[in-house]
Amino acid sequence: MQPIIKIKEGDIEISIPENEKLSGKIPFFNPVMKFNRDFTIAIAKIFKVRRFLDGLSACGALSIRLKKEAEDIEVHSNEISDETIKFLRQNKEDNNVDIIIHNRDLNLLLNEDGNFDFIDIDPFGSPVRFLSNVLLNARHNTIIGITATDLGTLCGRFGDACIRRYGTFSSKTGFDKEFGLRNLIGYVAREAAKYEVGIEILFSYYFVHYFKVYFRIKRSRRCADETLRNLNFLLYCDISMSRKYIAFADIGTENFCEQQRGECGNKFKILGPIWSGKFADENVCNLLSNEVKEKTEQKILTLVKEEQEILVPYYDLHKFCKINRLQIKGTDEIIKIARENGLKSTRTHFDGTGLRFNGNADELLKILK
Ligand SMILES: C[S@@+](CC[C@H](N)C(=O)[O-])C[C@H]1O[C@@H](n2cnc3c(N)ncnc32)[C@H](O)[C@@H]1O
């Protein structure tokens with residue numbers, strides 16, 4: 001018999017095996033994912049979700065909390081591992097909640113029943129294995145929550161894996177976390193478009209070791225086309241840290257690659273395609289801030305909301321100052337100077353030393369001098 005430990009989160013207590021690991025068939029619970037569960041529950045409450053699928057539920061922390069914390073909700077909890085599902089069943093009983101348990105491969109389950117208001121997918125690593133079936137089977141207006149923990153691939157550390165898994169050109173950049181999130185949303189948008197589905201972004205963010213994206217499914221050809229307008233390639237120069245979005249159509253023009261250079265005159269790298277639109281809806285951020293309680297969650301919401309004003313990826317100020325041999329200034333001072341010069345700038349939740357800035361690298365240089 002495996003040693004068991006009890007974990008408290010919110011109003012529930014669940015049992016997990018003491019020797020739980022981050023891989024394989026061993027039942028899984030990660031306390032760092034509390035914010036992930038908090039935001040998911042908050043979104044389900046805000047949008048008055050009635051039928052929820054916790055597609056990869058492990059020991060049931062999300063399902064059980066959701067059933068306790070939201071009103072009038074039917075919660076379906078799905079887990080493939082026979083070993084893990086014993087814990088899920090035990091936790092259901094111990095917490096006295098009426099959740100519906102499935103012991104299926106999520107892809108098979110989705111092909112039989114896509115009739116949910118909210119489908120949450122929290123896999124080990126990449127969500128790509130499940131996305132097609134979610135996008136193919138979910139109804140119009142269903143909310144989808146997607147977690148990804150394969151940050152190395154999404155953020156540009158493993159270029160070959162990124163091409164294989166997401167079909168995008170990537171590279172190390174000075175804004176790797178934002179590249180990763182935009183890379184993931186871009187992939188979701190292209191995958192959705194295959195099925196003539198558009199996506200409406202509700203909220204997304206990065207935290208410690210994962211990305212989370214919440215969006216609504218829009219089953220219409222027009223919405224699919226509108227969604228694709230938010231996909232662009234990104235030109236990036238390692239030397240000057242210049243960056244700019246470029247439309248799909250422009251890439252194909254004659255000598256395009258030869259002509260494109262950063263402020264320093266060096267050739268740009270072509271990265272993407274990635275999502276170039278807003279990665280959160282400001283109204284949803286406001287609604288979420290009434291629901292979540294933790295200080296860090298509030299901080300993420302405040303920053304994410306502000307960030308939507310500027311869509312070009314943030315500058316890593318330390319790196320930018322280092323390559324330009326400048327003394328670093330305080331972020332608040334830089335924001336003030338930028339505003340005095342008629343330029344927008346904000347902090348970013350992706351990186352404490354990051355600055356969003358709506359000018360180009362030359363303009364940032366002037367402000368920092
Ligand atoms: C990262 S864990 C989920 C954690 C959980 N959401 C939580 O908040 O504690 C992923 C789970 O998905 C399960 N899983 C993996 N492949 C699956 C599949 N094809 N169908 C259903 N469950 C699967 C794994 O056994 C594992 O328990």
# chains A, B, ... in the order shown; residues from 1 in each chain; ligands from 1

$ residues_near_ligand --ligand "ligand 1" --cutoff "7 Å" --atoms "only C-alpha atoms and all ligand atoms" --output "MDAnalysis selection string"
chainID A and resid 25 27:30 33 37 55:62 78:81 84 104:107 122:124

$ residues_around --residues "stretch 320-337 of chain A" --least-positions-apart "6" --cutoff "9 Å" --atoms "only C-alpha atoms" --output "number ranges by chain"
A: 174, 239-241, 343-347, 353-355, 357, 361, 365, 367-369

$ write_last_selection --atoms "N, CA and C atoms" --output "compact mmCIF listing (two decimals), in the first residue's frame"
# COMPACT_ATOMS: atom_id res chain seq x y z
N GLY A 174 14.73 38.24 -26.34
CA GLY A 174 14.74 38.92 -25.05
C GLY A 174 13.35 39.00 -24.45
N ILE A 239 20.78 41.84 -32.33
CA ILE A 239 21.82 42.82 -32.00
C ILE A 239 21.23 44.11 -31.45
N SER A 240 20.22 44.64 -32.13
CA SER A 240 19.62 45.89 -31.64
C SER A 240 18.38 45.64 -30.80
N MET A 241 17.92 44.38 -30.75
CA MET A 241 16.67 43.99 -30.09
C MET A 241 15.45 44.65 -30.75
N LEU A 343 4.89 58.64 -25.75
CA LEU A 343 4.92 57.20 -26.07
C LEU A 343 4.30 56.41 -24.92
N LYS A 344 3.69 55.28 -25.29
CA LYS A 344 3.06 54.45 -24.24
C LYS A 344 4.08 53.44 -23.73
N SER A 345 4.03 53.18 -22.42
CA SER A 345 4.82 52.05 -21.92
C SER A 345 4.21 51.56 -20.61
N THR A 346 4.38 50.28 -20.35
CA THR A 346 3.85 49.67 -19.12
C THR A 346 4.80 48.56 -18.67
N ARG A 347 4.60 48.12 -17.45
CA ARG A 347 5.31 46.92 -16.98
C ARG A 347 4.66 45.70 -17.62
N THR A 353 11.77 42.58 -15.04
CA THR A 353 12.66 43.60 -15.62
C THR A 353 12.24 43.94 -17.06
N GLY A 354 11.00 43.59 -17.39
CA GLY A 354 10.50 43.83 -18.75
C GLY A 354 9.74 45.15 -18.85
N LEU A 355 9.75 45.73 -20.03
CA LEU A 355 9.01 46.98 -20.27
C LEU A 355 8.30 46.87 -21.61
N PHE A 357 6.60 48.79 -24.65
CA PHE A 357 6.91 50.12 -25.17
C PHE A 357 6.41 50.18 -26.59
N ALA A 361 13.19 50.39 -31.18
CA ALA A 361 14.39 50.26 -30.33
C ALA A 361 15.17 51.58 -30.29
N LEU A 365 16.08 53.71 -26.94
CA LEU A 365 17.47 54.10 -26.68
C LEU A 365 17.54 55.58 -26.27
N ILE A 367 15.24 57.37 -24.92
CA ILE A 367 14.62 57.57 -23.60
C ILE A 367 15.55 57.12 -22.48
N LEU A 368 16.34 56.11 -22.76
CA LEU A 368 17.21 55.55 -21.71
C LEU A 368 18.52 56.31 -21.57
N LYS A 369 18.85 57.14 -22.54
CA LYS A 369 20.14 57.86 -22.50
C LYS A 369 20.12 59.02 -21.52

$ residues_around --residues "stretch 277-290 of chain A" --least-positions-apart "4" --cutoff "7 Å" --atoms "only C-alpha atoms" --output "PDB file with N, CA and C atoms, in the first residue's frame"
ATOM      1  N   ALA A  42     -12.977  30.710 -11.178  1.00  0.00           N
ATOM      2  CA  ALA A  42     -13.506  32.081 -11.285  1.00  0.00           C
ATOM      3  C   ALA A  42     -14.186  32.271 -12.642  1.00  0.00           C
ATOM      4  N   ILE A 201     -10.563  35.506 -27.365  1.00  0.00           N
ATOM      5  CA  ILE A 201      -9.687  35.385 -26.187  1.00  0.00           C
ATOM      6  C   ILE A 201     -10.354  36.009 -24.960  1.00  0.00           C
ATOM      7  N   LEU A 202     -10.394  35.256 -23.860  1.00  0.00           N
ATOM      8  CA  LEU A 202     -10.946  35.787 -22.612  1.00  0.00           C
ATOM      9  C   LEU A 202      -9.822  36.261 -21.693  1.00  0.00           C
ATOM     10  N   PHE A 203      -8.871  35.360 -21.466  1.00  0.00           N
ATOM     11  CA  PHE A 203      -7.797  35.709 -20.532  1.00  0.00           C
ATOM     12  C   PHE A 203      -6.665  34.713 -20.735  1.00  0.00           C
ATOM     13  N   SER A 204      -5.433  35.183 -20.683  1.00  0.00           N
ATOM     14  CA  SER A 204      -4.311  34.245 -20.664  1.00  0.00           C
ATOM     15  C   SER A 204      -3.147  34.868 -19.911  1.00  0.00           C
ATOM     16  N   ASN A 230      -5.262  38.066 -36.660  1.00  0.00           N
ATOM     17  CA  ASN A 230      -4.384  38.320 -35.509  1.00  0.00           C
ATOM     18  C   ASN A 230      -3.110  37.476 -35.546  1.00  0.00           C
ATOM     19  N   GLN A 298      -4.040  38.927  -8.066  1.00  0.00           N
ATOM     20  CA  GLN A 298      -4.473  40.310  -8.331  1.00  0.00           C
ATOM     21  C   GLN A 298      -3.399  41.057  -9.116  1.00  0.00           C
ATOM     22  N   LEU A 301      -3.429  40.029 -12.692  1.00  0.00           N
ATOM     23  CA  LEU A 301      -4.578  40.625 -13.393  1.00  0.00           C
ATOM     24  C   LEU A 301      -4.346  42.094 -13.725  1.00  0.00           C
ATOM     25  N   LYS A 305      -3.967  43.268 -17.615  1.00  0.00           N
ATOM     26  CA  LYS A 305      -4.956  44.227 -18.138  1.00  0.00           C
ATOM     27  C   LYS A 305      -4.257  45.427 -18.784  1.00  0.00           C
ATOM     28  N   GLN A 308      -2.459  45.062 -22.410  1.00  0.00           N
ATOM     29  CA  GLN A 308      -3.188  44.870 -23.669  1.00  0.00           C
ATOM     30  C   GLN A 308      -3.167  46.111 -24.569  1.00  0.00           C
ATOM     31  N   LEU A 311       0.875  45.849 -28.088  1.00  0.00           N
ATOM     32  CA  LEU A 311       0.884  44.448 -28.531  1.00  0.00           C
ATOM     33  C   LEU A 311       2.263  43.942 -28.960  1.00  0.00           C
TER      34      LEU A 311
END

$ residues_around --residues "A:Glu200" --least-positions-apart "2" --cutoff "12 Å" --atoms "only C-alpha atoms" --output "number ranges by chain"
A: 140-144, 185, 188-189, 192, 197-198, 202-204, 213-220, 223-224, 226-228, 230, 277-281, 284

$ residues_around --residues "A:His349" --least-positions-apart "4" --cutoff "12 Å" --atoms "only C-alpha atoms" --output "PyMOL selection string"
chain A and resi 175+177-178+181+204-208+296-308+313-314+353-356

$ select_by_dssp --residues "stretch 78-323 of chain A" --states "strand (DSSP E)" --output "VMD selection string"
chain A and resid 78 100 to 102 118 to 121 143 to 148 198 to 207 210 to 218 231 to 236 243 to 246 269 to 275 315 to 316

$ write_last_selection --atoms "N, CA and C atoms" --output "short mmCIF file (atom, residue, chain, number, x, y, z; two decimals), in the first residue's frame"
data_model
loop_
_atom_site.label_atom_id
_atom_site.label_comp_id
_atom_site.auth_asym_id
_atom_site.auth_seq_id
_atom_site.Cartn_x
_atom_site.Cartn_y
_atom_site.Cartn_z
N ASN A 78 -12.55 13.59 -15.82
CA ASN A 78 -12.06 12.47 -16.62
C ASN A 78 -10.58 12.20 -16.35
N ILE A 100 -19.29 13.64 -11.73
CA ILE A 100 -19.44 12.46 -12.60
C ILE A 100 -18.05 12.06 -13.10
N ILE A 101 -17.66 10.84 -12.77
CA ILE A 101 -16.29 10.41 -13.09
C ILE A 101 -16.28 9.56 -14.37
N HIS A 102 -15.33 9.86 -15.26
CA HIS A 102 -15.11 9.05 -16.47
C HIS A 102 -13.67 8.53 -16.42
N PHE A 118 -17.84 24.36 -20.78
CA PHE A 118 -16.44 24.69 -20.46
C PHE A 118 -15.67 23.38 -20.47
N ILE A 119 -14.57 23.37 -21.23
CA ILE A 119 -13.69 22.19 -21.24
C ILE A 119 -12.31 22.65 -20.81
N ASP A 120 -11.79 22.05 -19.74
CA ASP A 120 -10.46 22.43 -19.27
C ASP A 120 -9.48 21.28 -19.52
N ILE A 121 -8.33 21.63 -20.09
CA ILE A 121 -7.30 20.64 -20.44
C ILE A 121 -6.00 21.03 -19.75
N ILE A 143 -16.46 27.56 -23.57
CA ILE A 143 -15.19 28.13 -23.09
C ILE A 143 -14.18 26.99 -22.99
N ILE A 144 -12.96 27.28 -23.46
CA ILE A 144 -11.89 26.27 -23.40
C ILE A 144 -10.76 26.85 -22.55
N GLY A 145 -10.25 26.03 -21.65
CA GLY A 145 -9.05 26.40 -20.88
C GLY A 145 -7.94 25.44 -21.25
N ILE A 146 -6.81 25.99 -21.69
CA ILE A 146 -5.69 25.15 -22.13
C ILE A 146 -4.45 25.49 -21.31
N THR A 147 -3.86 24.50 -20.67
CA THR A 147 -2.59 24.71 -19.97
C THR A 147 -1.47 24.13 -20.82
N ALA A 148 -0.32 24.78 -20.83
CA ALA A 148 0.87 24.20 -21.49
C ALA A 148 2.06 24.37 -20.56
N GLY A 198 -13.51 30.17 -35.07
CA GLY A 198 -12.72 31.31 -34.60
C GLY A 198 -12.58 31.22 -33.10
N ILE A 199 -11.67 32.02 -32.53
CA ILE A 199 -11.55 32.02 -31.07
C ILE A 199 -11.69 33.46 -30.55
N GLU A 200 -12.33 33.57 -29.39
CA GLU A 200 -12.43 34.88 -28.73
C GLU A 200 -11.65 34.75 -27.44
N ILE A 201 -10.56 35.51 -27.37
CA ILE A 201 -9.69 35.38 -26.19
C ILE A 201 -10.35 36.01 -24.96
N LEU A 202 -10.39 35.26 -23.86
CA LEU A 202 -10.95 35.79 -22.61
C LEU A 202 -9.82 36.26 -21.69
N PHE A 203 -8.87 35.36 -21.47
CA PHE A 203 -7.80 35.71 -20.53
C PHE A 203 -6.67 34.71 -20.73
N SER A 204 -5.43 35.18 -20.68
CA SER A 204 -4.31 34.25 -20.66
C SER A 204 -3.15 34.87 -19.91
N TYR A 205 -2.26 34.03 -19.45
CA TYR A 205 -1.13 34.51 -18.64
C TYR A 205 -0.05 33.45 -18.55
N TYR A 206 1.10 33.91 -18.04
CA TYR A 206 2.24 33.02 -17.75
C TYR A 206 2.44 33.02 -16.24
N PHE A 207 2.75 31.87 -15.67
CA PHE A 207 3.12 31.85 -14.25
C PHE A 207 4.12 30.71 -13.99
N TYR A 210 4.18 27.54 -16.41
CA TYR A 210 3.12 27.20 -17.36
C TYR A 210 2.48 28.42 -18.01
N PHE A 211 1.80 28.16 -19.13
CA PHE A 211 0.94 29.16 -19.77
C PHE A 211 -0.49 28.67 -19.62
N LYS A 212 -1.41 29.60 -19.49
CA LYS A 212 -2.83 29.24 -19.51
C LYS A 212 -3.55 30.17 -20.46
N VAL A 213 -4.39 29.61 -21.30
CA VAL A 213 -5.18 30.40 -22.24
C VAL A 213 -6.65 30.00 -22.08
N TYR A 214 -7.52 30.99 -21.88
CA TYR A 214 -8.97 30.76 -21.86
C TYR A 214 -9.58 31.47 -23.06
N PHE A 215 -10.35 30.76 -23.84
CA PHE A 215 -10.99 31.38 -25.00
C PHE A 215 -12.35 30.74 -25.24
N ARG A 216 -13.14 31.45 -26.05
CA ARG A 216 -14.45 30.93 -26.43
C ARG A 216 -14.39 30.44 -27.86
N ILE A 217 -15.11 29.38 -28.14
CA ILE A 217 -15.20 28.83 -29.49
C ILE A 217 -16.27 29.60 -30.27
N LYS A 218 -15.93 30.04 -31.46
CA LYS A 218 -16.90 30.72 -32.33
C LYS A 218 -17.02 29.91 -33.62
N LEU A 231 -2.86 36.83 -36.67
CA LEU A 231 -1.63 36.04 -36.80
C LEU A 231 -0.64 36.79 -37.67
N ASN A 232 0.54 36.95 -37.18
CA ASN A 232 1.59 37.63 -37.95
C ASN A 232 2.92 36.93 -37.72
N PHE A 233 3.84 37.19 -38.63
CA PHE A 233 5.23 36.82 -38.35
C PHE A 233 5.83 37.96 -37.54
N LEU A 234 6.92 37.64 -36.84
CA LEU A 234 7.60 38.68 -36.06
C LEU A 234 9.03 38.78 -36.56
N LEU A 235 9.45 39.98 -36.91
CA LEU A 235 10.85 40.18 -37.30
C LEU A 235 11.62 40.61 -36.06
N TYR A 236 12.79 39.98 -35.87
CA TYR A 236 13.55 40.28 -34.64
C TYR A 236 15.04 40.32 -34.92
N ARG A 243 12.19 44.83 -33.07
CA ARG A 243 11.18 43.81 -33.39
C ARG A 243 10.00 44.49 -34.04
N LYS A 244 9.38 43.81 -35.01
CA LYS A 244 8.11 44.32 -35.55
C LYS A 244 7.32 43.17 -36.16
N TYR A 245 5.98 43.30 -36.08
CA TYR A 245 5.11 42.30 -36.70
C TYR A 245 5.05 42.55 -38.19
N ILE A 246 4.84 41.48 -38.94
CA ILE A 246 4.75 41.60 -40.38
C ILE A 246 3.66 40.65 -40.89
N LYS A 269 15.66 38.23 -38.03
CA LYS A 269 15.22 36.83 -38.07
C LYS A 269 13.71 36.85 -38.29
N ILE A 270 13.20 35.85 -38.99
CA ILE A 270 11.74 35.77 -39.13
C ILE A 270 11.24 34.69 -38.17
N LEU A 271 10.40 35.09 -37.22
CA LEU A 271 9.86 34.15 -36.22
C LEU A 271 8.35 34.04 -36.38
N GLY A 272 7.82 32.90 -35.97
CA GLY A 272 6.36 32.75 -35.99
C GLY A 272 5.89 31.78 -37.06
N PRO A 273 4.63 31.89 -37.48
CA PRO A 273 3.65 32.92 -37.12
C PRO A 273 3.18 32.81 -35.66
N ILE A 274 2.93 33.98 -35.07
CA ILE A 274 2.44 34.01 -33.69
C ILE A 274 1.22 34.92 -33.59
N TRP A 275 0.55 34.85 -32.46
CA TRP A 275 -0.62 35.69 -32.17
C TRP A 275 -0.13 37.11 -31.92
N TYR A 315 10.43 44.66 -23.92
CA TYR A 315 11.90 44.71 -23.94
C TYR A 315 12.42 44.27 -22.57
N ASP A 316 13.44 43.43 -22.58
CA ASP A 316 14.14 43.11 -21.33
C ASP A 316 15.11 44.27 -21.08
#

$ residues_around --residues "stretch 159-161 of chain A" --least-positions-apart "6" --cutoff "7 Å" --atoms "only C-alpha atoms" --output "PyMOL selection string"
chain A and resi 153+169-171

$ closest_residue --among "A:Ala44, A:Arg51, A:Asp94, A:Lys86" --to "A:Pro17" --atoms "only C-alpha atoms"
A:Lys86

$ residues_around --residues "A:Arg261" --least-positions-apart "2" --cutoff "10 Å" --atoms "only C-alpha atoms" --output "list of chain:residue names"
A:Leu235, A:Tyr236, A:Cys237, A:Ser242, A:Arg243, A:Cys257, A:Glu258, A:Gln259, A:Glu263, A:Cys264, A:Gly265, A:Asn266, A:Lys267, A:Phe268, A:Lys269

$ write_last_selection --atoms "N, CA and C atoms" --output "CSV table (one decimal), in the first residue's frame"
chain,number,residue,atom,x,y,z
A,235,LEU,N,9.5,40.0,-36.9
A,235,LEU,CA,10.8,40.2,-37.3
A,235,LEU,C,11.6,40.6,-36.1
A,236,TYR,N,12.8,40.0,-35.9
A,236,TYR,CA,13.5,40.3,-34.6
A,236,TYR,C,15.0,40.3,-34.9
A,237,CYS,N,15.7,41.3,-34.4
A,237,CYS,CA,17.2,41.5,-34.5
A,237,CYS,C,17.8,41.3,-33.2
A,242,SER,N,15.6,45.1,-32.0
A,242,SER,CA,14.4,45.6,-32.7
A,242,SER,C,13.5,44.5,-33.0
A,243,ARG,N,12.2,44.8,-33.1
A,243,ARG,CA,11.2,43.8,-33.4
A,243,ARG,C,10.0,44.5,-34.0
A,257,CYS,N,13.1,39.2,-47.5
A,257,CYS,CA,14.0,38.9,-46.4
A,257,CYS,C,15.2,39.7,-46.5
A,258,GLU,N,15.7,39.9,-47.7
A,258,GLU,CA,16.9,40.7,-47.9
A,258,GLU,C,16.8,42.2,-47.4
A,259,GLN,N,15.5,42.7,-47.7
A,259,GLN,CA,15.3,44.1,-47.4
A,259,GLN,C,15.1,44.4,-45.9
A,263,GLU,N,17.1,48.4,-36.6
A,263,GLU,CA,17.6,49.8,-36.6
A,263,GLU,C,19.1,49.8,-36.7
A,264,CYS,N,19.8,48.7,-36.4
A,264,CYS,CA,21.3,48.6,-36.4
A,264,CYS,C,21.7,48.3,-37.8
A,265,GLY,N,20.8,48.0,-38.7
A,265,GLY,CA,21.2,47.7,-40.1
A,265,GLY,C,21.4,46.2,-40.3
A,266,ASN,N,21.3,45.4,-39.2
A,266,ASN,CA,21.5,43.9,-39.4
A,266,ASN,C,20.2,43.2,-39.8
A,267,LYS,N,20.3,42.1,-40.4
A,267,LYS,CA,19.2,41.4,-41.0
A,267,LYS,C,18.3,40.8,-39.8
A,268,PHE,N,17.0,41.0,-40.0
A,268,PHE,CA,16.0,40.4,-39.0
A,268,PHE,C,16.0,38.9,-39.1
A,269,LYS,N,15.7,38.2,-38.0
A,269,LYS,CA,15.2,36.8,-38.1
A,269,LYS,C,13.7,36.8,-38.3

$ select_by_dssp --residues "stretch 13-219 of chain A" --states "alpha helix (DSSP H)" --output "PyMOL selection string"
chain A and resi 34-46+61-69+82-94+106-112+128-137+151-154+159-166+176-194

$ atom_distance --atom1 "atom CA of A:Leu184" --atom2 "atom CA of A:Val32"
20.8 Å
